[in-house]
Each structure stands twice: as C-alpha cells, then as structure tokens.
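Asker: This is the structure I want to talk about, given as structure tokens.
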Amino acid sequence: MKSNQRFSRSVIAVTVVVVGLITAGTIPRARADEQIIPVNANAYGNTYGEWSARWWQWLLSIPMATNPNFDTTGANCAQKQAGPVWFLAGTFVGGSAVTRSCTVPAGKALFFPILNSIFGAGAGDCDPTNPGVLCNLADLRVAIAATLDSVTLTASIDDQPLENLRQQRVQSPAFTITLPVGAVFGLSPPARTRPMSPTATG
C-alpha cells in the first residue's frame, strides 16, 4: 500500500520527436486542406510539448490488452480518443514493424511521434521503481537526449518525404499520468486510481 501511494507521486521524464499536428480528414488519402502545423505554434490550445505529454497520458491510460501501440491491425486506434486531436500510435522498442488501417473522423488533427522516449520513476529509472535512485528531472532530460541525439529520422506522408525532422523535436512540460489495471511496461496503478505526478519530457 505504501509503495503504491509513493508511486502515485513519482516523476516521469519524456522526450518526443514529432512530425507534428496535421489537419486531416482521413489518412492516407491527401486533401487540399491538410497541412503540418508549425512546431512553435499553439495548436488546439496546446504547444507541441504539451501535446507530446497528452500523447503519453493517452497511451499509458490504456491497458496493454487494448493498447494501440501493441495493435497490429489498427482495430484499437479509437481507444480513448477525444477532442480535436487524434493520436496515432507507434510501436514499443523491439516491436516488429506494423501496417495499420484506421479511419479518423473528419475535421480531426493528427498527432504522432516518429521517435519518443520516456524516462523516470514510472519507467524504472529512479525511486520508487528504482529504489534508492533519486529522481532529478534535469538529469533525466540529459539521459533522454543522449539516447536520441544520434538517431537518423525519416518519415513520409503519401509518399512525400518530410524534411527538417530534427527541427520538430520538443520536450514536454511536467505532467501526470493515471495507470489502468493491466498497464503497459508492467506498471501498477495505485490502490485507488489517481494521477501520478509530475511527469515531464526531455
């Protein structure tokens, strides 16, 4: 009981490299009104960093059994989607490449990471999931950056390559997550469901 309560107040750090927010009706069909929103924009009420935090909150709130990151067909793409932005899932490290089919409601913007990482207490990097190692947000951000700095990024939409992807790299602010029963990474929710806080990206 104590460890669960302590875990509910832990820090997680995240870093995200994103293609961005794209206004779209359906994917992959191209439309004249589709556009990539500039990375420094405040789109739909949030910055890119804030949307990256919301992406992790969305993903980690879904049990592993129906989590879109484990889905190989797209059948779970609508899990817990709400609001003006539709999140597209990736795959976890070590996972095989997948091809998914997903119908997105008209008028939704899309947000999806090409590459992202999560470090911190909820990911086994510091107390309480790594007992005795204190969570230091600045150190976690440095560690995250080191894992991503050397990666070469490529992405395309409708066979058109996207340019300057490194300029789309963002950090999230601190944020909270609420874990479900059967969460990914073998994480356990508190005895009473409540948010874990704070959480941030690197």
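Every chain in the structure tokens has a letter given in the order shown (A, B, ...), and although residue numbers restart at 1 in each chain, ligands are simply numbered from 1 in the order shown.
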Excluding Phe70 (chain A) and residues on its chain fewer than 4 positions from it, collect all residues at most 12 Å away from it, counting only C-alpha atoms, and give them as a list in words.

Answerer: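 The residues that qualify are Leu59, Leu60, Ile62, Pro63, Met64, Ala65, Thr66, Gly74, Ala75, Asn76, Cys77, Ala89, Gly90, Thr91, Phe92, Val93, Gly94, Gly95, Ser96, Ala97, Val98, Thr99, Arg100, Ala183, Val184 and Phe185 of chain A.
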
Asker: If you keep C-alpha atoms, can you produce a file of those selected residues as a PDB file, in the first residue's frame?

Answerer:
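Saved the output as selection_35.pdb:
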```pdb
ATOM      1  CA  LEU A  59      -1.151   5.858 -24.395  1.00  0.00           C
ATOM      2  CA  LEU A  60      -0.360   4.926 -20.780  1.00  0.00           C
ATOM      3  CA  ILE A  62      -4.944   2.240 -21.975  1.00  0.00           C
ATOM      4  CA  PRO A  63      -4.479  -1.353 -20.721  1.00  0.00           C
ATOM      5  CA  MET A  64      -1.963  -3.484 -22.573  1.00  0.00           C
ATOM      6  CA  ALA A  65      -4.739  -5.775 -23.879  1.00  0.00           C
ATOM      7  CA  THR A  66      -6.259  -2.965 -25.972  1.00  0.00           C
ATOM      8  CA  GLY A  74      -5.485  -0.689 -36.311  1.00  0.00           C
ATOM      9  CA  ALA A  75      -8.513  -2.215 -34.593  1.00  0.00           C
ATOM     10  CA  ASN A  76      -7.724  -0.326 -31.367  1.00  0.00           C
ATOM     11  CA  CYS A  77      -6.907   3.052 -32.919  1.00  0.00           C
ATOM     12  CA  ALA A  89       0.237   5.039 -32.013  1.00  0.00           C
ATOM     13  CA  GLY A  90       3.711   3.762 -32.740  1.00  0.00           C
ATOM     14  CA  THR A  91       5.304   0.526 -31.559  1.00  0.00           C
ATOM     15  CA  PHE A  92       7.383  -0.136 -28.476  1.00  0.00           C
ATOM     16  CA  VAL A  93      11.140  -0.740 -28.732  1.00  0.00           C
ATOM     17  CA  GLY A  94      11.864  -4.174 -30.093  1.00  0.00           C
ATOM     18  CA  GLY A  95       8.461  -4.455 -31.695  1.00  0.00           C
ATOM     19  CA  SER A  96       8.059  -5.523 -35.307  1.00  0.00           C
ATOM     20  CA  ALA A  97       7.020  -3.073 -38.000  1.00  0.00           C
ATOM     21  CA  VAL A  98       3.260  -2.978 -38.442  1.00  0.00           C
ATOM     22  CA  THR A  99       0.801  -1.703 -41.028  1.00  0.00           C
ATOM     23  CA  ARG A 100      -2.437  -0.403 -39.555  1.00  0.00           C
ATOM     24  CA  ALA A 183      -0.999  -1.216 -17.750  1.00  0.00           C
ATOM     25  CA  VAL A 184       1.899  -1.406 -20.211  1.00  0.00           C
ATOM     26  CA  PHE A 185       5.504  -1.855 -19.024  1.00  0.00           C
TER      27      PHE A 185
END
```

Asker: Write out, as JSON lines, each residue of region 137-193 of chain A that has an atom at most 7 Å from region 49-52 of chain A, together with the closest pair of atoms and their distance in Å to one decimal, counting only C-alpha atoms, rows going by chain and rising number.

Answerer:
```
{"residue": "A:Val170", "atom": "CA", "partner": "A:Gly49", "partner_atom": "CA", "distance": 5.5}
{"residue": "A:Gln171", "atom": "CA", "partner": "A:Gly49", "partner_atom": "CA", "distance": 5.2}
{"residue": "A:Ser172", "atom": "CA", "partner": "A:Gly49", "partner_atom": "CA", "distance": 3.9}
{"residue": "A:Pro173", "atom": "CA", "partner": "A:Glu50", "partner_atom": "CA", "distance": 6.4}
```

Asker: Residues of region 16-198 of chain A in strand (DSSP E) according to DSSP, as number ranges by chain?

Answerer: A: 16-23, 35-36, 85-87, 109-120, 156-157, 160-161, 169-171

Asker: For a quick check of understanding, using only C-alpha atoms, which of A:Thr147, A:Asn67, A:Asn136, A:Asn42 has the smallest distance to Ser117 (chain A)?

Answerer: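 When distances to Ser117 (chain A) are compared using only C-alpha atoms, the smallest one comes from A:Thr147.
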
Asker: List the neighbours of Leu134 (chain A) out to 10 Å using only C-alpha atoms; skip same-chain residues closer than 3 positions along the sequence, and give me the result as a CSV table (one decimal) with C-alpha atoms, in the first residue's frame.

Answerer:
```
chain,number,residue,atom,x,y,z
A,11,VAL,CA,8.3,11.8,-11.7
A,120,GLY,CA,11.8,8.5,-14.9
A,121,ALA,CA,10.2,6.9,-11.9
A,125,ASP,CA,14.9,4.9,-13.8
A,126,CYS,CA,14.5,6.3,-10.3
A,127,ASP,CA,12.7,5.9,-7.0
A,128,PRO,CA,10.3,4.2,-6.4
A,130,ASN,CA,14.4,2.0,-8.9
A,131,PRO,CA,14.7,2.2,-5.1
A,137,LEU,CA,14.4,16.0,-13.8
```

Asker: Hey, what's within 9 Å of Leu153 (chain A) if we count only C-alpha atoms and toss same-chain stuff fewer than 2 positions away? As number ranges by chain, please?

Answerer: A: 114-115, 151, 155, 165-166

Asker: What does the distance from CA of Asp149 (chain A) to CA of Arg54 (chain A) come to in Å, to one decimal?

Answerer: 22.8 Å

Asker: Check region 81-152 of chain A with DSSP on the backbone and list each residue it calls helix (DSSP H, G or I), as a PyMOL selection string.

Answerer: chain A and resi 121-123+137-148

Asker: Could you write out the selected residues, including C-alpha atoms, as a tab-separated table (two decimals), in the first residue's frame?

Answerer:
```tsv
chain	number	residue	atom	x	y	z
A	121	ALA	CA	10.15	6.90	-11.85
A	122	GLY	CA	7.36	5.27	-13.78
A	123	ALA	CA	9.83	3.73	-16.22
A	137	LEU	CA	14.41	15.99	-13.80
A	138	ALA	CA	17.44	17.76	-15.32
A	139	ASP	CA	19.47	14.54	-15.25
A	140	LEU	CA	16.60	12.58	-16.78
A	141	ARG	CA	16.35	15.06	-19.64
A	142	VAL	CA	20.10	14.73	-20.31
A	143	ALA	CA	19.82	10.94	-20.32
A	144	ILE	CA	16.88	11.02	-22.71
A	145	ALA	CA	18.65	13.37	-25.10
A	146	ALA	CA	21.69	11.07	-25.18
A	147	THR	CA	19.53	8.16	-26.38
A	148	LEU	CA	18.02	10.16	-29.24
```

Asker: Excluding Tyr44 (chain A) and its own-chain neighbours fewer than 4 positions away, which residues fall within 9 Å of it when counting only C-alpha atoms? Please give them as a count of residues only.

Answerer: 3

Asker: Calculated over only C-alpha atoms, which of the candidates A:Asn69, A:Asn40, A:Gln160, A:Ser150 has the smallest distance to Phe112 (chain A)?

Answerer: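 Nearest candidate to Phe112 (chain A) out of A:Asn69, A:Asn40, A:Gln160, A:Ser150: A:Asn69.
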
Asker: Which residue, A:Thr178, A:Phe119, A:Asn164, A:Leu187, has the smallest gap to Pro38 (chain A) when you use only C-alpha atoms?

Answerer: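 Using only C-alpha atoms, the shortest distance to Pro38 (chain A) belongs to A:Asn164.
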
Asker: Name the closest residue to Gly107 (chain A) among the candidates A:Tyr48, A:Trp86, A:Phe175, A:Trp56; distances are taken between atoms, counting only C-alpha atoms.

Answerer: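 Among the listed residues, the smallest separation from Gly107 (chain A) belongs to A:Trp86.
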